[in-house]
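Asks: Sending over data32.cif (mmCIF, N, CA and C atoms).
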data_structure
#
loop_
_atom_site.label_atom_id
_atom_site.label_comp_id
_atom_site.auth_asym_id
_atom_site.auth_seq_id
_atom_site.Cartn_x
_atom_site.Cartn_y
_atom_site.Cartn_z
N MET A 1 34.57 18.60 60.99
CA MET A 1 34.87 18.10 59.66
C MET A 1 35.50 19.17 58.78
N ILE A 2 35.18 20.43 59.04
CA ILE A 2 35.71 21.51 58.21
C ILE A 2 37.23 21.59 58.31
N LYS A 3 37.78 21.23 59.46
CA LYS A 3 39.23 21.31 59.60
C LYS A 3 39.93 20.34 58.66
N TYR A 4 39.30 19.21 58.34
CA TYR A 4 39.90 18.25 57.42
C TYR A 4 39.85 18.77 55.98
N HIS A 5 38.81 19.53 55.68
CA HIS A 5 38.76 20.20 54.38
C HIS A 5 39.87 21.25 54.29
N LEU A 6 40.10 21.96 55.37
CA LEU A 6 41.18 22.97 55.38
C LEU A 6 42.55 22.30 55.26
N PHE A 7 42.72 21.15 55.89
CA PHE A 7 43.97 20.40 55.74
C PHE A 7 44.17 20.01 54.27
N LEU A 8 43.10 19.57 53.63
CA LEU A 8 43.19 19.18 52.22
C LEU A 8 43.54 20.37 51.34
N ILE A 9 42.88 21.50 51.56
CA ILE A 9 43.16 22.70 50.76
C ILE A 9 44.60 23.16 50.99
N THR A 10 45.06 23.09 52.23
CA THR A 10 46.45 23.44 52.53
C THR A 10 47.41 22.52 51.80
N SER A 11 47.10 21.24 51.79
CA SER A 11 47.92 20.27 51.07
C SER A 11 47.99 20.59 49.58
N ILE A 12 46.86 20.95 49.00
CA ILE A 12 46.81 21.27 47.58
C ILE A 12 47.64 22.52 47.28
N ILE A 13 47.49 23.55 48.09
CA ILE A 13 48.23 24.79 47.89
C ILE A 13 49.73 24.55 48.06
N LEU A 14 50.11 23.82 49.09
CA LEU A 14 51.53 23.51 49.30
C LEU A 14 52.11 22.71 48.14
N THR A 15 51.32 21.80 47.60
CA THR A 15 51.78 21.01 46.46
C THR A 15 52.08 21.90 45.26
N VAL A 16 51.23 22.88 45.02
CA VAL A 16 51.46 23.81 43.90
C VAL A 16 52.70 24.66 44.16
N VAL A 17 52.87 25.13 45.39
CA VAL A 17 54.07 25.91 45.73
C VAL A 17 55.33 25.07 45.52
N VAL A 18 55.27 23.82 45.94
CA VAL A 18 56.42 22.92 45.75
C VAL A 18 56.73 22.77 44.26
N GLN A 19 55.72 22.56 43.46
CA GLN A 19 55.94 22.40 42.03
C GLN A 19 56.55 23.65 41.42
N ALA A 20 56.12 24.82 41.87
CA ALA A 20 56.69 26.07 41.38
C ALA A 20 58.14 26.23 41.81
N LEU A 21 58.43 25.88 43.05
CA LEU A 21 59.82 25.94 43.53
C LEU A 21 60.73 24.99 42.75
N LEU A 22 60.23 23.78 42.50
CA LEU A 22 61.02 22.81 41.74
C LEU A 22 61.24 23.27 40.31
N LYS A 23 60.21 23.86 39.70
CA LYS A 23 60.33 24.40 38.34
C LYS A 23 61.38 25.51 38.31
N SER A 24 61.29 26.43 39.26
CA SER A 24 62.24 27.53 39.33
C SER A 24 63.67 27.02 39.52
N ASN A 25 63.81 26.05 40.39
CA ASN A 25 65.13 25.49 40.66
C ASN A 25 65.67 24.75 39.44
N SER A 26 64.81 24.03 38.76
CA SER A 26 65.21 23.30 37.57
C SER A 26 65.66 24.24 36.45
N VAL A 27 64.94 25.33 36.28
CA VAL A 27 65.32 26.32 35.26
C VAL A 27 66.66 26.95 35.61
N LYS A 28 66.81 27.29 36.88
CA LYS A 28 68.06 27.94 37.32
C LYS A 28 69.28 27.05 37.06
N HIS A 29 69.10 25.75 37.24
CA HIS A 29 70.23 24.82 37.10
C HIS A 29 70.15 24.01 35.81
N SER A 30 69.35 24.46 34.86
CA SER A 30 69.20 23.81 33.55
C SER A 30 68.90 22.32 33.68
N GLY A 31 68.14 21.95 34.68
CA GLY A 31 67.75 20.56 34.87
C GLY A 31 68.82 19.68 35.47
N ASN A 32 69.94 20.26 35.87
CA ASN A 32 71.04 19.48 36.44
C ASN A 32 70.81 19.29 37.94
N LEU A 33 70.37 18.10 38.30
CA LEU A 33 70.04 17.82 39.69
C LEU A 33 71.28 17.87 40.59
N PHE A 34 72.43 17.51 40.04
CA PHE A 34 73.64 17.53 40.86
C PHE A 34 74.03 18.95 41.28
N GLU A 35 73.76 19.93 40.43
CA GLU A 35 73.98 21.33 40.82
C GLU A 35 72.90 21.79 41.80
N ALA A 36 71.69 21.34 41.59
CA ALA A 36 70.57 21.77 42.41
C ALA A 36 70.69 21.28 43.85
N ILE A 37 71.44 20.23 44.07
CA ILE A 37 71.60 19.69 45.42
C ILE A 37 72.14 20.74 46.38
N TYR A 38 72.90 21.68 45.86
CA TYR A 38 73.50 22.71 46.70
C TYR A 38 72.63 23.96 46.83
N ASP A 39 71.45 23.94 46.24
CA ASP A 39 70.54 25.08 46.29
C ASP A 39 69.52 24.87 47.41
N SER A 40 69.41 25.83 48.30
CA SER A 40 68.52 25.68 49.46
C SER A 40 67.06 25.58 49.06
N ARG A 41 66.69 26.11 47.89
CA ARG A 41 65.29 26.03 47.45
C ARG A 41 64.84 24.59 47.27
N LEU A 42 65.77 23.72 46.91
CA LEU A 42 65.42 22.31 46.77
C LEU A 42 64.99 21.73 48.12
N TYR A 43 65.69 22.10 49.17
CA TYR A 43 65.37 21.57 50.50
C TYR A 43 64.12 22.21 51.08
N VAL A 44 63.88 23.46 50.74
CA VAL A 44 62.62 24.11 51.15
C VAL A 44 61.46 23.39 50.46
N ALA A 45 61.62 23.09 49.18
CA ALA A 45 60.57 22.38 48.44
C ALA A 45 60.32 21.00 49.04
N LEU A 46 61.37 20.29 49.38
CA LEU A 46 61.20 18.96 49.97
C LEU A 46 60.49 19.03 51.33
N PHE A 47 60.84 20.03 52.12
CA PHE A 47 60.18 20.22 53.42
C PHE A 47 58.70 20.53 53.23
N LEU A 48 58.40 21.43 52.30
CA LEU A 48 57.01 21.79 52.05
C LEU A 48 56.22 20.61 51.49
N TYR A 49 56.87 19.80 50.66
CA TYR A 49 56.20 18.63 50.13
C TYR A 49 55.89 17.62 51.24
N ALA A 50 56.83 17.44 52.15
CA ALA A 50 56.59 16.56 53.30
C ALA A 50 55.44 17.10 54.15
N THR A 51 55.39 18.41 54.32
CA THR A 51 54.30 19.04 55.08
C THR A 51 52.97 18.82 54.37
N ALA A 52 52.96 18.99 53.05
CA ALA A 52 51.74 18.75 52.28
C ALA A 52 51.28 17.30 52.43
N MET A 53 52.23 16.38 52.45
CA MET A 53 51.90 14.98 52.61
C MET A 53 51.26 14.71 53.98
N VAL A 54 51.76 15.37 55.01
CA VAL A 54 51.18 15.22 56.35
C VAL A 54 49.74 15.74 56.37
N PHE A 55 49.51 16.89 55.76
CA PHE A 55 48.14 17.43 55.70
C PHE A 55 47.23 16.51 54.90
N TRP A 56 47.73 15.96 53.81
CA TRP A 56 46.95 15.01 53.00
C TRP A 56 46.61 13.77 53.84
N TYR A 57 47.59 13.28 54.57
CA TYR A 57 47.41 12.09 55.40
C TYR A 57 46.34 12.33 56.47
N ILE A 58 46.42 13.48 57.12
CA ILE A 58 45.44 13.80 58.16
C ILE A 58 44.04 13.93 57.56
N SER A 59 43.94 14.64 56.45
CA SER A 59 42.62 14.83 55.85
C SER A 59 42.04 13.52 55.34
N SER A 60 42.90 12.61 54.90
CA SER A 60 42.39 11.34 54.37
C SER A 60 41.79 10.45 55.45
N SER A 61 42.05 10.76 56.71
CA SER A 61 41.47 9.96 57.79
C SER A 61 39.97 10.21 57.93
N LYS A 62 39.47 11.33 57.42
CA LYS A 62 38.05 11.66 57.58
C LYS A 62 37.31 11.93 56.27
N LEU A 63 38.04 12.25 55.22
CA LEU A 63 37.38 12.59 53.95
C LEU A 63 37.42 11.41 52.99
N GLN A 64 36.41 11.33 52.15
CA GLN A 64 36.35 10.25 51.17
C GLN A 64 37.40 10.45 50.09
N PHE A 65 38.00 9.36 49.68
CA PHE A 65 39.03 9.39 48.65
C PHE A 65 38.45 9.95 47.34
N THR A 66 37.20 9.60 47.06
CA THR A 66 36.55 10.07 45.84
C THR A 66 36.24 11.56 45.88
N PHE A 67 36.37 12.17 47.03
CA PHE A 67 36.28 13.62 47.18
C PHE A 67 37.67 14.24 47.06
N MET A 68 38.65 13.60 47.68
CA MET A 68 39.99 14.16 47.76
C MET A 68 40.69 14.22 46.40
N ILE A 69 40.59 13.17 45.64
CA ILE A 69 41.29 13.12 44.35
C ILE A 69 40.80 14.20 43.38
N PRO A 70 39.48 14.35 43.18
CA PRO A 70 39.05 15.44 42.31
C PRO A 70 39.48 16.82 42.82
N MET A 71 39.47 17.00 44.13
CA MET A 71 39.93 18.28 44.67
C MET A 71 41.40 18.50 44.36
N HIS A 72 42.18 17.45 44.39
CA HIS A 72 43.62 17.58 44.14
C HIS A 72 43.91 17.95 42.69
N VAL A 73 42.96 17.66 41.81
CA VAL A 73 43.11 18.06 40.40
C VAL A 73 43.16 19.58 40.28
N LEU A 74 42.68 20.29 41.29
CA LEU A 74 42.73 21.75 41.26
C LEU A 74 44.16 22.28 41.23
N THR A 75 45.15 21.42 41.53
CA THR A 75 46.54 21.86 41.39
C THR A 75 46.82 22.30 39.95
N ILE A 76 46.12 21.70 38.99
CA ILE A 76 46.29 22.09 37.59
C ILE A 76 45.88 23.54 37.40
N ILE A 77 44.76 23.92 38.00
CA ILE A 77 44.25 25.29 37.86
C ILE A 77 45.21 26.27 38.53
N PHE A 78 45.55 25.98 39.78
CA PHE A 78 46.47 26.87 40.50
C PHE A 78 47.83 26.94 39.80
N GLY A 79 48.28 25.81 39.30
CA GLY A 79 49.56 25.77 38.58
C GLY A 79 49.53 26.61 37.32
N GLY A 80 48.38 26.63 36.67
CA GLY A 80 48.24 27.46 35.47
C GLY A 80 48.41 28.94 35.77
N PHE A 81 47.83 29.38 36.88
CA PHE A 81 47.97 30.78 37.27
C PHE A 81 49.41 31.09 37.67
N ILE A 82 50.04 30.19 38.38
CA ILE A 82 51.44 30.41 38.76
C ILE A 82 52.32 30.44 37.51
N GLY A 83 52.05 29.53 36.58
CA GLY A 83 52.81 29.53 35.33
C GLY A 83 52.67 30.84 34.58
N TYR A 84 51.47 31.39 34.57
CA TYR A 84 51.24 32.65 33.88
C TYR A 84 51.92 33.83 34.58
N TYR A 85 51.74 33.92 35.89
CA TYR A 85 52.24 35.09 36.62
C TYR A 85 53.73 35.04 36.94
N PHE A 86 54.27 33.85 37.20
CA PHE A 86 55.66 33.77 37.64
C PHE A 86 56.63 33.27 36.57
N PHE A 87 56.12 32.48 35.61
CA PHE A 87 57.00 31.92 34.60
C PHE A 87 56.70 32.46 33.21
N GLU A 88 55.80 33.46 33.14
CA GLU A 88 55.44 34.14 31.90
C GLU A 88 55.02 33.17 30.81
N GLU A 89 54.24 32.17 31.19
CA GLU A 89 53.72 31.21 30.23
C GLU A 89 52.44 31.75 29.62
N SER A 90 52.11 31.27 28.43
CA SER A 90 50.92 31.78 27.74
C SER A 90 49.65 31.30 28.45
N PHE A 91 48.60 32.08 28.26
CA PHE A 91 47.32 31.78 28.90
C PHE A 91 46.22 32.18 27.93
N GLY A 92 45.95 31.31 26.96
CA GLY A 92 45.00 31.64 25.92
C GLY A 92 43.62 31.04 26.15
N VAL A 93 42.82 31.15 25.12
CA VAL A 93 41.44 30.68 25.17
C VAL A 93 41.37 29.18 25.43
N HIS A 94 42.26 28.42 24.81
CA HIS A 94 42.25 26.97 24.99
C HIS A 94 42.49 26.57 26.44
N LYS A 95 43.42 27.23 27.08
CA LYS A 95 43.67 26.92 28.50
C LYS A 95 42.50 27.33 29.37
N ILE A 96 41.92 28.47 29.08
CA ILE A 96 40.77 28.92 29.86
C ILE A 96 39.62 27.92 29.73
N LEU A 97 39.35 27.46 28.50
CA LEU A 97 38.29 26.47 28.30
C LEU A 97 38.62 25.15 29.01
N ALA A 98 39.87 24.75 28.94
CA ALA A 98 40.29 23.52 29.61
C ALA A 98 40.11 23.63 31.12
N TYR A 99 40.48 24.77 31.68
CA TYR A 99 40.31 24.98 33.12
C TYR A 99 38.85 24.98 33.52
N ILE A 100 38.00 25.57 32.70
CA ILE A 100 36.56 25.56 32.97
C ILE A 100 36.04 24.13 32.96
N LEU A 101 36.49 23.33 31.99
CA LEU A 101 36.08 21.93 31.94
C LEU A 101 36.57 21.16 33.16
N ILE A 102 37.79 21.41 33.58
CA ILE A 102 38.34 20.73 34.75
C ILE A 102 37.53 21.08 36.00
N ILE A 103 37.29 22.36 36.20
CA ILE A 103 36.51 22.80 37.37
C ILE A 103 35.10 22.21 37.32
N SER A 104 34.50 22.21 36.13
CA SER A 104 33.17 21.62 35.99
C SER A 104 33.20 20.13 36.34
N GLY A 105 34.20 19.44 35.86
CA GLY A 105 34.34 18.02 36.16
C GLY A 105 34.51 17.74 37.64
N VAL A 106 35.28 18.59 38.31
CA VAL A 106 35.47 18.44 39.75
C VAL A 106 34.13 18.61 40.47
N PHE A 107 33.36 19.61 40.09
CA PHE A 107 32.05 19.82 40.72
C PHE A 107 31.12 18.64 40.46
N VAL A 108 31.13 18.10 39.25
CA VAL A 108 30.27 16.96 38.94
C VAL A 108 30.67 15.75 39.78
N LEU A 109 31.96 15.50 39.89
CA LEU A 109 32.42 14.36 40.69
C LEU A 109 32.11 14.52 42.17
N ILE A 110 32.26 15.72 42.68
CA ILE A 110 32.08 15.93 44.11
C ILE A 110 30.60 16.02 44.49
N TYR A 111 29.84 16.76 43.73
CA TYR A 111 28.46 17.04 44.12
C TYR A 111 27.43 16.25 43.31
N GLY A 112 27.86 15.47 42.35
CA GLY A 112 26.93 14.74 41.48
C GLY A 112 26.10 13.69 42.18
N ASN A 113 26.63 13.07 43.22
CA ASN A 113 25.91 12.01 43.90
C ASN A 113 25.08 12.49 45.09
N ASN A 114 25.13 13.76 45.40
CA ASN A 114 24.42 14.27 46.59
C ASN A 114 23.03 14.73 46.25
#
Translate this file's structure into structure tokens.

Replies:
Amino acid sequence: MIKYHLFLITSIILTVVVQALLKSNSVKHSGNLFEAIYDSRLYVALFLYATAMVFWYISSSKLQFTFMIPMHVLTIIFGGFIGYYFFEESFGVHKILAYILIISGVFVLIYGNN
């Protein structure tokens, strides 16, 4: 069963990487998708997203949906760190409190019924 949890975590991490690649590509091309079509990062992102979808699909065969969805919310947390470190976005007290609430909510949803 642990391998399905690892598939899920891999899917979540890949999803965040894809979002960061798409953000980077969008900034580079000022949101112009027609220019971005010629950028290889777009195709790397699409490949990684397809890979993430495969891992999600495999993990969903054994894990409960009510477990998977709250775990996937962790993309918000990982995305916040990527935004801070790679896109120089602000990271203040409000975001830290919001992330703590999100993580707390995930734990309540996952472990609350056990």

Asks: Which residues, written as a PyMOL selection string, have at least one atom at most 8 Å from region 40-53 of chain A, with only N, CA and C atoms counted and residues fewer than 6 positions away on the same chain left out?

Replies: chain A and resi 7+10-15+17-19+21-22+25+59

Asks: Show which residues sit within 7 Å of region 92-109 of chain A, as a PDB file with N, CA and C atoms, in the frame of the given file. Count all atoms listed in the file, and ignore same-chain residues fewer than 6 positions away.

Replies:
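To be explicit, this is the file written out as around-v1.pdb:
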ATOM      1  N   THR A  66      37.200   9.600  47.060  1.00  0.00           N
ATOM      2  CA  THR A  66      36.550  10.070  45.840  1.00  0.00           C
ATOM      3  C   THR A  66      36.240  11.560  45.880  1.00  0.00           C
ATOM      4  N   PHE A  67      36.370  12.170  47.030  1.00  0.00           N
ATOM      5  CA  PHE A  67      36.280  13.620  47.180  1.00  0.00           C
ATOM      6  C   PHE A  67      37.670  14.240  47.060  1.00  0.00           C
ATOM      7  N   PRO A  70      39.480  14.350  43.180  1.00  0.00           N
ATOM      8  CA  PRO A  70      39.050  15.440  42.310  1.00  0.00           C
ATOM      9  C   PRO A  70      39.480  16.820  42.820  1.00  0.00           C
ATOM     10  N   MET A  71      39.470  17.000  44.130  1.00  0.00           N
ATOM     11  CA  MET A  71      39.930  18.280  44.670  1.00  0.00           C
ATOM     12  C   MET A  71      41.400  18.500  44.360  1.00  0.00           C
ATOM     13  N   ILE A  77      44.760  23.920  38.000  1.00  0.00           N
ATOM     14  CA  ILE A  77      44.250  25.290  37.860  1.00  0.00           C
ATOM     15  C   ILE A  77      45.210  26.270  38.530  1.00  0.00           C
TER      16      ILE A  77
END

Asks: As an exercise, work out the distance from atom N of Asp39 (chain A) to atom C of Val16 (chain A) in Å and give it to one decimal place.

Replies: 18.9 Å

Asks: Please identify all polymer residues within 10 Å of Phe91 (chain A), counting only C-alpha atoms, omitting same-chain residues fewer than 6 positions from it, and present them as a list in words.

Replies: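 Residues meeting the cut-off are Gly80, Phe81, Gly83, Tyr84 and Tyr85 of chain A.
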
Asks: Could you save those same residues with N, CA and C atoms as a short mmCIF file (atom, residue, chain, number, x, y, z; two decimals), keeping the file's coordinate frame?

Replies:
data_model
loop_
_atom_site.label_atom_id
_atom_site.label_comp_id
_atom_site.auth_asym_id
_atom_site.auth_seq_id
_atom_site.Cartn_x
_atom_site.Cartn_y
_atom_site.Cartn_z
N GLY A 80 48.38 26.63 36.67
CA GLY A 80 48.24 27.46 35.47
C GLY A 80 48.41 28.94 35.77
N PHE A 81 47.83 29.38 36.88
CA PHE A 81 47.97 30.78 37.27
C PHE A 81 49.41 31.09 37.67
N GLY A 83 52.05 29.53 36.58
CA GLY A 83 52.81 29.53 35.33
C GLY A 83 52.67 30.84 34.58
N TYR A 84 51.47 31.39 34.57
CA TYR A 84 51.24 32.65 33.88
C TYR A 84 51.92 33.83 34.58
N TYR A 85 51.74 33.92 35.89
CA TYR A 85 52.24 35.09 36.62
C TYR A 85 53.73 35.04 36.94
#

Asks: Here is a test: counting only N, CA and C atoms, which residue of A:Ile37, A:Ile58, A:Ile110, A:Ala20 is nearest to Ile82 (chain A)?

Replies: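 Using only N, CA and C atoms, Ile82 (chain A) sits closest to A:Ala20.
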
Asks: In Å, how far is it from atom N of Leu6 (chain A) to atom N of Ser61 (chain A)?

Replies: 11.4 Å

Asks: Give me, please, the distance in Å between CA of Tyr4 (chain A) and CA of Ser60 (chain A), quoted to one decimal.

Replies: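 These two atoms are separated by 8.0 Å.
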